[in-house]
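Structure file target-v8.txt with compact mmCIF, C-alpha atoms and all ligand atoms:
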```
# COMPACT_ATOMS: atom_id res chain seq x y z
CA MET A 1 98.27 79.69 109.72
CA ILE A 2 100.30 82.61 108.33
CA LEU A 3 100.60 85.99 110.05
CA LEU A 4 101.60 89.38 108.68
CA ILE A 5 102.52 92.52 110.60
CA SER A 6 104.04 95.89 109.76
CA ASP A 7 105.12 99.24 111.20
CA LEU A 8 105.83 98.27 114.80
CA HIS A 9 108.57 100.92 115.01
CA LEU A 10 110.13 99.01 117.89
CA HIS A 11 112.40 100.99 120.16
CA GLU A 12 113.28 101.18 123.82
CA GLY A 13 111.04 104.19 124.45
CA ARG A 14 107.89 102.13 123.84
CA PRO A 15 108.00 99.15 126.21
CA ASP A 16 104.23 98.78 125.76
CA ILE A 17 104.65 97.99 122.05
CA THR A 18 107.62 95.72 122.74
CA GLY A 19 105.60 93.87 125.41
CA ALA A 20 102.63 93.46 123.08
CA PHE A 21 104.91 92.20 120.32
CA LEU A 22 106.61 89.67 122.59
CA ALA A 23 103.17 88.46 123.74
CA PHE A 24 102.07 88.23 120.07
CA LEU A 25 105.11 86.09 119.30
CA GLU A 26 104.49 83.85 122.28
CA GLN A 27 100.72 83.48 121.87
CA ARG A 28 100.28 83.55 118.10
CA ALA A 29 103.50 83.26 116.10
CA LYS A 30 105.12 80.23 117.70
CA HIS A 31 104.43 76.93 115.91
CA THR A 32 102.69 78.68 113.03
CA GLN A 33 103.64 78.33 109.36
CA ALA A 34 105.10 81.77 108.71
CA LEU A 35 105.40 85.32 110.01
CA TYR A 36 105.84 88.15 107.50
CA ILE A 37 107.09 91.52 108.78
CA LEU A 38 106.41 94.13 106.11
CA GLY A 39 108.84 96.88 107.07
CA ASP A 40 109.43 99.56 109.68
CA PHE A 41 109.86 96.80 112.24
CA PHE A 42 112.27 99.11 114.04
CA GLU A 43 111.85 102.85 114.63
CA VAL A 44 115.15 103.43 112.89
CA TRP A 45 118.05 101.21 111.81
CA ILE A 46 121.44 102.73 111.07
CA GLY A 47 123.34 99.52 110.32
CA ASP A 48 123.96 96.00 111.55
CA ASP A 49 127.23 97.16 113.10
CA ALA A 50 125.21 99.27 115.59
CA ILE A 51 122.89 96.59 116.99
CA SER A 52 121.90 97.64 120.51
CA PRO A 53 121.21 95.20 123.37
CA PHE A 54 117.49 96.01 122.90
CA GLN A 55 117.60 95.15 119.19
CA ARG A 56 119.62 92.02 119.97
CA SER A 57 116.90 90.91 122.42
CA ILE A 58 114.29 91.34 119.68
CA ALA A 59 116.43 89.25 117.31
CA GLN A 60 116.65 86.57 120.00
CA ALA A 61 112.85 86.61 120.43
CA LEU A 62 112.41 86.10 116.66
CA SER A 63 114.98 83.35 116.66
CA ASP A 64 113.10 81.59 119.50
CA VAL A 65 109.97 81.67 117.35
CA ALA A 66 111.87 80.37 114.32
CA ALA A 67 113.09 77.47 116.47
CA THR A 68 109.46 76.31 116.83
CA GLY A 69 109.24 75.86 113.04
CA THR A 70 107.84 79.26 112.04
CA GLN A 71 109.46 80.73 108.90
CA ILE A 72 110.13 84.44 109.45
CA TYR A 73 110.37 86.88 106.55
CA LEU A 74 111.44 90.49 106.94
CA MET A 75 110.90 93.25 104.38
CA HIS A 76 112.66 96.61 104.58
CA GLY A 77 110.65 99.72 105.41
CA ASN A 78 111.58 103.36 104.89
CA ARG A 79 113.01 103.53 108.44
CA ASP A 80 114.95 100.28 108.55
CA PHE A 81 116.18 99.68 105.01
CA LEU A 82 119.74 99.27 106.35
CA ILE A 83 118.87 96.00 108.10
CA GLY A 84 121.25 93.42 106.67
CA GLU A 85 122.29 89.81 106.82
CA GLU A 86 123.90 90.08 110.26
CA PHE A 87 120.59 90.93 111.92
CA CYS A 88 118.82 88.27 109.85
CA GLU A 89 121.27 85.64 110.99
CA LEU A 90 120.76 86.61 114.63
CA ALA A 91 116.98 86.60 114.20
CA ASP A 92 116.92 83.48 112.03
CA CYS A 93 114.80 85.29 109.46
CA GLN A 94 115.00 85.84 105.71
CA LEU A 95 115.05 89.22 103.99
CA LEU A 96 112.10 89.56 101.63
CA LYS A 97 112.32 91.77 98.54
CA ASP A 98 109.87 94.65 98.15
CA PRO A 99 107.67 93.82 96.23
CA SER A 100 107.24 90.06 96.67
CA ILE A 101 104.53 87.69 95.55
CA VAL A 102 103.53 84.88 97.91
CA GLN A 103 100.84 82.24 97.88
CA LEU A 104 98.27 82.97 100.60
CA ALA A 105 94.97 81.11 101.02
CA GLY A 106 95.39 79.61 97.54
CA GLU A 107 95.96 82.98 95.88
CA ARG A 108 98.97 84.93 94.58
CA VAL A 109 99.24 87.95 96.87
CA LEU A 110 101.49 90.97 96.41
CA LEU A 111 103.35 92.12 99.54
CA MET A 112 104.95 95.57 99.78
CA HIS A 113 105.99 97.98 102.49
CA GLY A 114 103.85 100.59 100.75
CA ASP A 115 106.07 103.68 100.65
CA SER A 116 106.83 103.24 96.94
CA LEU A 117 103.07 103.49 96.26
CA CYS A 118 102.97 107.05 97.65
CA THR A 119 103.95 108.60 94.33
CA SER A 120 102.03 111.85 94.97
CA ASP A 121 104.53 112.56 97.76
CA LYS A 122 107.13 113.90 95.33
CA SER A 123 109.72 115.02 97.91
CA TYR A 124 109.60 111.64 99.63
CA ILE A 125 109.93 109.74 96.35
CA ARG A 126 112.98 111.89 95.51
CA LEU A 127 114.48 111.15 98.93
CA ARG A 128 113.73 107.43 98.52
CA ARG A 129 115.44 107.36 95.14
CA VAL A 130 118.57 108.87 96.71
CA LEU A 131 118.62 106.67 99.82
CA ARG A 132 118.02 103.41 97.91
CA ASN A 133 120.62 104.08 95.22
CA PRO A 134 123.15 101.20 95.56
CA LEU A 135 126.12 103.59 95.51
CA ILE A 136 124.57 105.83 98.21
CA LEU A 137 123.71 102.73 100.25
CA PHE A 138 127.33 101.63 100.04
CA ILE A 139 128.49 105.08 101.18
CA LEU A 140 125.91 105.23 104.00
CA ARG A 141 126.89 101.79 105.29
CA ASN A 142 130.52 102.88 105.45
CA LEU A 143 130.03 106.23 107.17
CA PRO A 144 131.22 106.43 110.78
CA LEU A 145 128.54 105.35 113.24
CA SER A 146 128.30 108.80 114.83
CA THR A 147 127.72 110.41 111.40
CA ARG A 148 124.97 107.89 110.57
CA GLN A 149 123.37 108.52 113.97
CA ARG A 150 123.38 112.29 113.38
CA LEU A 151 122.09 111.99 109.80
CA ALA A 152 119.32 109.59 110.82
CA GLY A 153 118.26 111.96 113.65
CA ASP A 154 118.26 114.95 111.26
CA LEU A 155 116.28 113.02 108.70
CA ARG A 156 113.66 111.92 111.25
CA GLN A 157 113.31 115.52 112.40
CA LYS A 158 112.97 116.88 108.84
CA SER A 159 110.52 114.12 108.01
CA LYS A 160 108.31 114.87 111.04
CA THR A 161 108.19 118.59 110.22
CA SER A 162 107.57 118.00 106.53
CA THR A 163 104.94 115.25 107.00
CA ARG A 164 102.89 117.53 109.27
CA MET A 165 102.60 120.04 106.40
CA LYS A 166 101.51 117.52 103.79
CA ALA A 167 97.86 116.92 102.89
CA SER A 168 96.47 113.55 103.88
CA ALA A 169 95.98 112.54 100.22
CA ILE A 170 99.67 113.22 99.54
CA THR A 171 100.93 110.86 102.23
CA ASP A 172 98.51 108.09 101.22
CA VAL A 173 99.07 105.68 98.36
CA ASN A 174 98.39 106.97 94.86
CA PRO A 175 95.38 105.01 93.49
CA GLU A 176 96.70 104.96 89.90
CA GLU A 177 100.02 103.59 91.10
CA VAL A 178 98.19 100.86 93.03
CA THR A 179 96.22 99.90 89.90
CA LYS A 180 99.39 99.87 87.81
CA VAL A 181 101.43 97.81 90.27
CA MET A 182 98.66 95.24 90.80
CA ALA A 183 98.16 94.89 87.04
CA ARG A 184 101.90 94.56 86.44
CA HIS A 185 102.10 91.72 88.97
CA LYS A 186 98.78 90.18 87.88
CA VAL A 187 97.37 89.94 91.44
CA ARG A 188 93.93 90.50 92.91
CA THR A 189 95.17 91.11 96.46
CA LEU A 190 97.79 93.55 97.70
CA ILE A 191 98.88 93.74 101.35
CA HIS A 192 101.03 96.62 102.57
CA GLY A 193 101.70 98.90 105.53
CA HIS A 194 103.45 102.29 105.80
CA THR A 195 100.45 104.65 105.65
CA HIS A 196 99.18 103.85 109.15
CA ARG A 197 95.63 103.66 107.74
CA PRO A 198 94.49 100.11 108.47
CA ALA A 199 91.63 99.08 106.19
CA VAL A 200 90.42 96.61 103.62
CA HIS A 201 89.69 98.44 100.36
CA ASP A 202 87.53 96.70 97.78
CA LEU A 203 88.77 97.73 94.36
CA SER A 204 87.19 97.39 90.95
CA GLY A 205 87.56 94.05 89.17
CA ASP A 206 87.06 92.05 92.38
CA LYS A 207 90.44 93.19 93.69
CA ARG A 208 91.35 94.27 97.19
CA ARG A 209 94.04 96.24 99.00
CA ILE A 210 94.62 95.31 102.63
CA VAL A 211 96.47 97.92 104.68
CA LEU A 212 98.17 96.81 107.89
CA GLY A 213 98.09 99.40 110.67
CA ASP A 214 101.03 100.65 112.69
CA TRP A 215 101.38 99.53 116.30
CA ASP A 216 100.71 102.40 118.67
CA THR A 217 97.81 102.21 121.13
CA GLN A 218 96.94 98.81 119.64
CA GLY A 219 98.51 96.46 117.14
CA TRP A 220 97.31 95.09 113.80
CA PHE A 221 97.91 91.84 112.00
CA VAL A 222 96.67 89.89 109.01
CA LYS A 223 95.73 86.30 109.72
CA VAL A 224 95.74 83.85 106.83
CA SER A 225 94.01 80.48 107.11
CA ALA A 226 93.53 77.93 104.32
CA THR A 227 90.66 79.97 102.85
CA ARG A 228 90.66 83.45 104.40
CA VAL A 229 92.84 86.52 104.62
CA GLU A 230 91.64 88.75 107.49
CA LEU A 231 92.85 92.05 108.94
CA GLN A 232 92.54 92.06 112.73
CA PRO A 233 93.19 94.62 115.47
CA LEU A 234 95.29 93.50 118.41
CA PRO A 235 94.34 95.23 121.66
CA PHE A 236 97.30 95.62 124.00
CA ALA A 237 96.84 93.76 127.28
CA ASP A 238 96.35 95.96 130.36
CA THR A 239 99.43 94.43 131.90
CA THR A 240 101.81 96.02 129.35
CA THR A 241 103.69 99.10 130.48
CA SER A 242 102.44 102.49 129.25
CA PRO A 243 104.67 104.57 126.95
CA ASP A 244 107.05 106.96 128.57
CA PRO A 245 105.24 110.37 128.26
CA SER A 246 108.60 112.13 127.91
CA ASP A 247 109.41 110.05 124.84
CA GLU A 248 109.04 112.10 121.66
CA SER A 249 110.48 109.70 119.16
CA SER A 250 107.18 107.96 118.49
CA ASN A 251 104.79 109.34 115.86
O1 LIG B 301 108.83 107.64 108.44
P1 LIG B 301 107.54 108.34 108.36
O2 LIG B 301 106.40 107.42 108.12
O3 LIG B 301 107.33 109.24 109.53
O4 LIG B 301 107.64 109.35 107.11
C1 LIG B 301 107.86 108.79 105.83
C2 LIG B 301 108.77 109.67 105.03
N1 LIG B 301 110.01 109.94 105.76
C3 LIG B 301 111.04 109.10 105.73
C4 LIG B 301 112.26 109.45 106.53
C5 LIG B 301 112.31 108.55 107.76
O5 LIG B 301 111.31 108.90 108.67
C6 LIG B 301 113.65 108.60 108.45
C7 LIG B 301 114.59 107.61 107.84
C8 LIG B 301 115.70 107.29 108.75
C9 LIG B 301 116.61 106.30 108.03
C10 LIG B 301 117.77 105.94 108.87
C11 LIG B 301 118.78 105.18 108.12
C12 LIG B 301 119.71 106.05 107.37
C13 LIG B 301 120.97 106.36 108.15
C14 LIG B 301 121.77 107.32 107.41
C15 LIG B 301 121.04 108.64 107.21
C16 LIG B 301 121.22 109.30 105.92
O6 LIG B 301 111.04 108.05 105.11
C17 LIG B 301 108.11 110.97 104.71
C18 LIG B 301 106.80 110.69 104.00
C19 LIG B 301 105.91 109.81 104.89
O7 LIG B 301 106.61 108.61 105.16
C20 LIG B 301 104.59 109.45 104.25
O8 LIG B 301 104.78 108.63 103.11
O9 LIG B 301 106.15 111.90 103.70
O10 LIG B 301 108.97 111.65 103.79
C21 LIG B 301 109.46 112.86 104.14
O11 LIG B 301 108.97 113.49 105.05
C22 LIG B 301 110.59 113.36 103.29
C23 LIG B 301 110.51 114.84 103.07
O12 LIG B 301 109.42 115.13 102.26
C24 LIG B 301 111.78 115.33 102.42
C25 LIG B 301 112.88 115.49 103.43
C26 LIG B 301 114.09 116.01 102.73
C27 LIG B 301 115.32 115.79 103.59
C28 LIG B 301 116.55 116.01 102.79
C29 LIG B 301 117.73 115.46 103.50
C30 LIG B 301 118.67 114.77 102.56
C31 LIG B 301 119.63 113.89 103.31
C32 LIG B 301 120.31 112.92 102.38
C33 LIG B 301 121.28 112.04 103.12
C34 LIG B 301 122.08 111.18 102.19
```
Let me see the file written as structure tokens.
Amino acid sequence: MILLISDLHLHEGRPDITGAFLAFLEQRAKHTQALYILGDFFEVWIGDDAISPFQRSIAQALSDVAATGTQIYLMHGNRDFLIGEEFCELADCQLLKDPSIVQLAGERVLLMHGDSLCTSDKSYIRLRRVLRNPLILFILRNLPLSTRQRLAGDLRQKSKTSTRMKASAITDVNPEEVTKVMARHKVRTLIHGHTHRPAVHDLSGDKRRIVLGDWDTQGWFVKVSATRVELQPLPFADTTTSPDPSDESSN
């Protein structure tokens, strides 16, 4: 079996999500063929040189799963695109390019984080172009830690304010872009996250777009068997700790 997840936004302020994720690893991901994490695994990542004890414990949990034979693949999201090789070595996982094509249930499937499909969100696409420019990435990686922390905090704040003002259609994927990207890669199935709108969309030409949900009051995952690709909700067990009500960093 192969599992896919996205948009967990892991951070210390949400022990309920962390607990559910650790249970997911233990109960479902160990001894399976592969686990794909399609971006925004962490709430924010400012560089491998700033790995916190919390993030290190998550890397250890992934590494424990990898030790059972599960291949772990990690794609960057718009919040954690600075994850690098150091984290991947700790977690025993492999960075996966966005987009990537993989063979799932006998079919070529396109995997993406999904943010690059939101082409109607002009200000975000502009920001993305700046932040993913190799020269800017080099500069960002070499800024002092405190500067990166401040910039990341400012950016999160600006993003929250700006996203609240945007129409729902703007922050969703652009349908023409989806059609173009799927045609370019010659696939009938696309799986992505980012939009926090879990669904299976049947598209014309017997195509489909599967959207992984973010983990908040429940989780989401895609389960792939030899013949089926299914989107499934993951209710959090009652035993997990509730989020800290004073925590404002979650969406
Ligand atoms: O994340 P989410 O889903 O809430 O919102 C996204 C888009 N926002 C972002 C920004 C991230 O939330 C924060 C990224 C933190 C990265 C940390 C690492 C970098 C460390 C160093 C810091 C420089 O991706 C949001 C989309 C939304 O998805 C839906 O698709 O709308 O986009 C925005 O809100 C962007 C605004 O529209 C434009 C904000 C302009 C800010 C200009 C500041 C320029 C700073 C440049 C620094 C080099």
Expected answer as a VMD selection string: residues within 7 Å of ligand LIG 301 (chain B), only C-alpha atoms and all ligand atoms
chain A and resid 44 to 46 78 to 82 115 118 121 123 to 124 127 130 to 131 140 148 to 149 151 to 152 155 to 156 158 to 160 162 to 163 171 to 172 194 to 195 251
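In this model, the gap between atom CA of A:Val173 and atom CA of A:Arg150 comes to 29.3 Å.
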Contacts of stretch 3-65 of chain A with stretch 226-232 of chain A up to 10 Å, shortest pair per row, only C-alpha atoms, as CSV:
```
residue,atom,partner,partner_atom,distance
A:Leu3,CA,A:Val229,CA,9.5
A:Leu4,CA,A:Leu231,CA,9.2
A:Ile5,CA,A:Leu231,CA,9.8
```
From the list A:Ile51, A:Leu110, A:Leu104, A:Asp16, which residue is nearest A:Leu90 when using all atoms listed in the file?
A:Ile51
With 8 Å added on each side, what axis-aligned box encloses every listed atom of stretch 208-219 of chain A? Give the centre and edge lengths in Å to one decimal, as AutoDock Vina command-line options.
```
--center_x 96.4 --center_y 98.3 --center_z 109.2 --size_x 26.0 --size_y 24.1 --size_z 39.9
```
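Minimum atom-to-atom distances from A:Asn133, A:Lys207, A:Glu89, A:Asn174 to A:Arg108 were compared using all atoms listed in the file, and the lowest value belongs to A:Lys207.
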Rebuild stretch 143-154 of chain A to all heavy atoms - output it as an mmCIF file, keeping the file's coordinate frame, please.
```cif
data_model
loop_
_atom_site.group_PDB
_atom_site.id
_atom_site.type_symbol
_atom_site.label_atom_id
_atom_site.label_comp_id
_atom_site.auth_asym_id
_atom_site.auth_seq_id
_atom_site.Cartn_x
_atom_site.Cartn_y
_atom_site.Cartn_z
ATOM 1 N N LEU A 143 129.802 105.002 106.402
ATOM 2 C CA LEU A 143 130.030 106.230 107.170
ATOM 3 C C LEU A 143 130.276 105.872 108.621
ATOM 4 O O LEU A 143 129.740 104.864 109.111
ATOM 5 C CB LEU A 143 128.779 107.133 107.089
ATOM 6 C CG LEU A 143 128.511 107.880 105.778
ATOM 7 C CD1 LEU A 143 127.152 108.592 105.863
ATOM 8 C CD2 LEU A 143 129.620 108.891 105.500
ATOM 9 N N PRO A 144 131.045 106.707 109.345
ATOM 10 C CA PRO A 144 131.220 106.430 110.780
ATOM 11 C C PRO A 144 129.855 106.384 111.474
ATOM 12 O O PRO A 144 128.934 107.100 111.083
ATOM 13 C CB PRO A 144 132.038 107.620 111.275
ATOM 14 C CG PRO A 144 132.612 108.245 110.063
ATOM 15 C CD PRO A 144 131.740 107.905 108.905
ATOM 16 N N LEU A 145 129.785 105.558 112.490
ATOM 17 C CA LEU A 145 128.540 105.350 113.240
ATOM 18 C C LEU A 145 127.935 106.669 113.722
ATOM 19 O O LEU A 145 126.723 106.919 113.597
ATOM 20 C CB LEU A 145 128.860 104.453 114.426
ATOM 21 C CG LEU A 145 127.729 103.671 115.036
ATOM 22 C CD1 LEU A 145 126.975 102.901 113.959
ATOM 23 C CD2 LEU A 145 128.297 102.721 116.086
ATOM 24 N N SER A 146 128.798 107.534 114.264
ATOM 25 C CA SER A 146 128.300 108.800 114.830
ATOM 26 C C SER A 146 127.680 109.667 113.726
ATOM 27 O O SER A 146 126.676 110.345 113.944
ATOM 28 C CB SER A 146 129.423 109.552 115.534
ATOM 29 O OG SER A 146 130.473 109.775 114.621
ATOM 30 N N THR A 147 128.260 109.621 112.518
ATOM 31 C CA THR A 147 127.720 110.410 111.400
ATOM 32 C C THR A 147 126.350 109.852 111.000
ATOM 33 O O THR A 147 125.395 110.603 110.771
ATOM 34 C CB THR A 147 128.672 110.349 110.175
ATOM 35 O OG1 THR A 147 129.977 110.649 110.626
ATOM 36 C CG2 THR A 147 128.256 111.298 109.078
ATOM 37 N N ARG A 148 126.255 108.509 110.939
ATOM 38 C CA ARG A 148 124.970 107.890 110.570
ATOM 39 C C ARG A 148 123.904 108.230 111.614
ATOM 40 O O ARG A 148 122.770 108.527 111.277
ATOM 41 C CB ARG A 148 125.129 106.370 110.482
ATOM 42 C CG ARG A 148 125.521 105.907 109.093
ATOM 43 C CD ARG A 148 125.701 104.417 109.078
ATOM 44 N NE ARG A 148 127.000 104.021 109.594
ATOM 45 C CZ ARG A 148 127.277 102.848 110.149
ATOM 46 N NH1 ARG A 148 126.341 101.939 110.279
ATOM 47 N NH2 ARG A 148 128.484 102.572 110.577
ATOM 48 N N GLN A 149 124.321 108.205 112.892
ATOM 49 C CA GLN A 149 123.370 108.520 113.970
ATOM 50 C C GLN A 149 122.839 109.936 113.802
ATOM 51 O O GLN A 149 121.639 110.188 113.897
ATOM 52 C CB GLN A 149 124.061 108.416 115.327
ATOM 53 C CG GLN A 149 123.584 107.252 116.145
ATOM 54 C CD GLN A 149 124.658 106.757 117.103
ATOM 55 O OE1 GLN A 149 125.775 107.310 117.151
ATOM 56 N NE2 GLN A 149 124.351 105.727 117.842
ATOM 57 N N ARG A 150 123.763 110.873 113.529
ATOM 58 C CA ARG A 150 123.380 112.290 113.380
ATOM 59 C C ARG A 150 122.479 112.468 112.164
ATOM 60 O O ARG A 150 121.422 113.096 112.242
ATOM 61 C CB ARG A 150 124.635 113.159 113.274
ATOM 62 C CG ARG A 150 124.353 114.652 113.276
ATOM 63 C CD ARG A 150 125.630 115.478 113.361
ATOM 64 N NE ARG A 150 126.717 114.993 112.530
ATOM 65 C CZ ARG A 150 126.792 115.161 111.195
ATOM 66 N NH1 ARG A 150 125.848 115.801 110.562
ATOM 67 N NH2 ARG A 150 127.821 114.695 110.524
ATOM 68 N N LEU A 151 122.877 111.857 111.029
ATOM 69 C CA LEU A 151 122.090 111.990 109.800
ATOM 70 C C LEU A 151 120.683 111.402 109.975
ATOM 71 O O LEU A 151 119.695 111.992 109.536
ATOM 72 C CB LEU A 151 122.797 111.295 108.627
ATOM 73 C CG LEU A 151 123.971 112.028 108.006
ATOM 74 C CD1 LEU A 151 124.652 111.139 106.961
ATOM 75 C CD2 LEU A 151 123.513 113.331 107.350
ATOM 76 N N ALA A 152 120.622 110.241 110.620
ATOM 77 C CA ALA A 152 119.320 109.590 110.820
ATOM 78 C C ALA A 152 118.427 110.475 111.699
ATOM 79 O O ALA A 152 117.235 110.650 111.424
ATOM 80 C CB ALA A 152 119.490 108.218 111.449
ATOM 81 N N GLY A 153 119.024 111.059 112.757
ATOM 82 C CA GLY A 153 118.260 111.960 113.650
ATOM 83 C C GLY A 153 117.758 113.178 112.884
ATOM 84 O O GLY A 153 116.584 113.563 113.004
ATOM 85 N N ASP A 154 118.639 113.771 112.064
ATOM 86 C CA ASP A 154 118.260 114.950 111.260
ATOM 87 C C ASP A 154 117.124 114.602 110.306
ATOM 88 O O ASP A 154 116.166 115.358 110.150
ATOM 89 C CB ASP A 154 119.446 115.439 110.406
ATOM 90 C CG ASP A 154 120.501 116.127 111.257
ATOM 91 O OD1 ASP A 154 120.254 116.320 112.463
ATOM 92 O OD2 ASP A 154 121.586 116.452 110.710
#
```
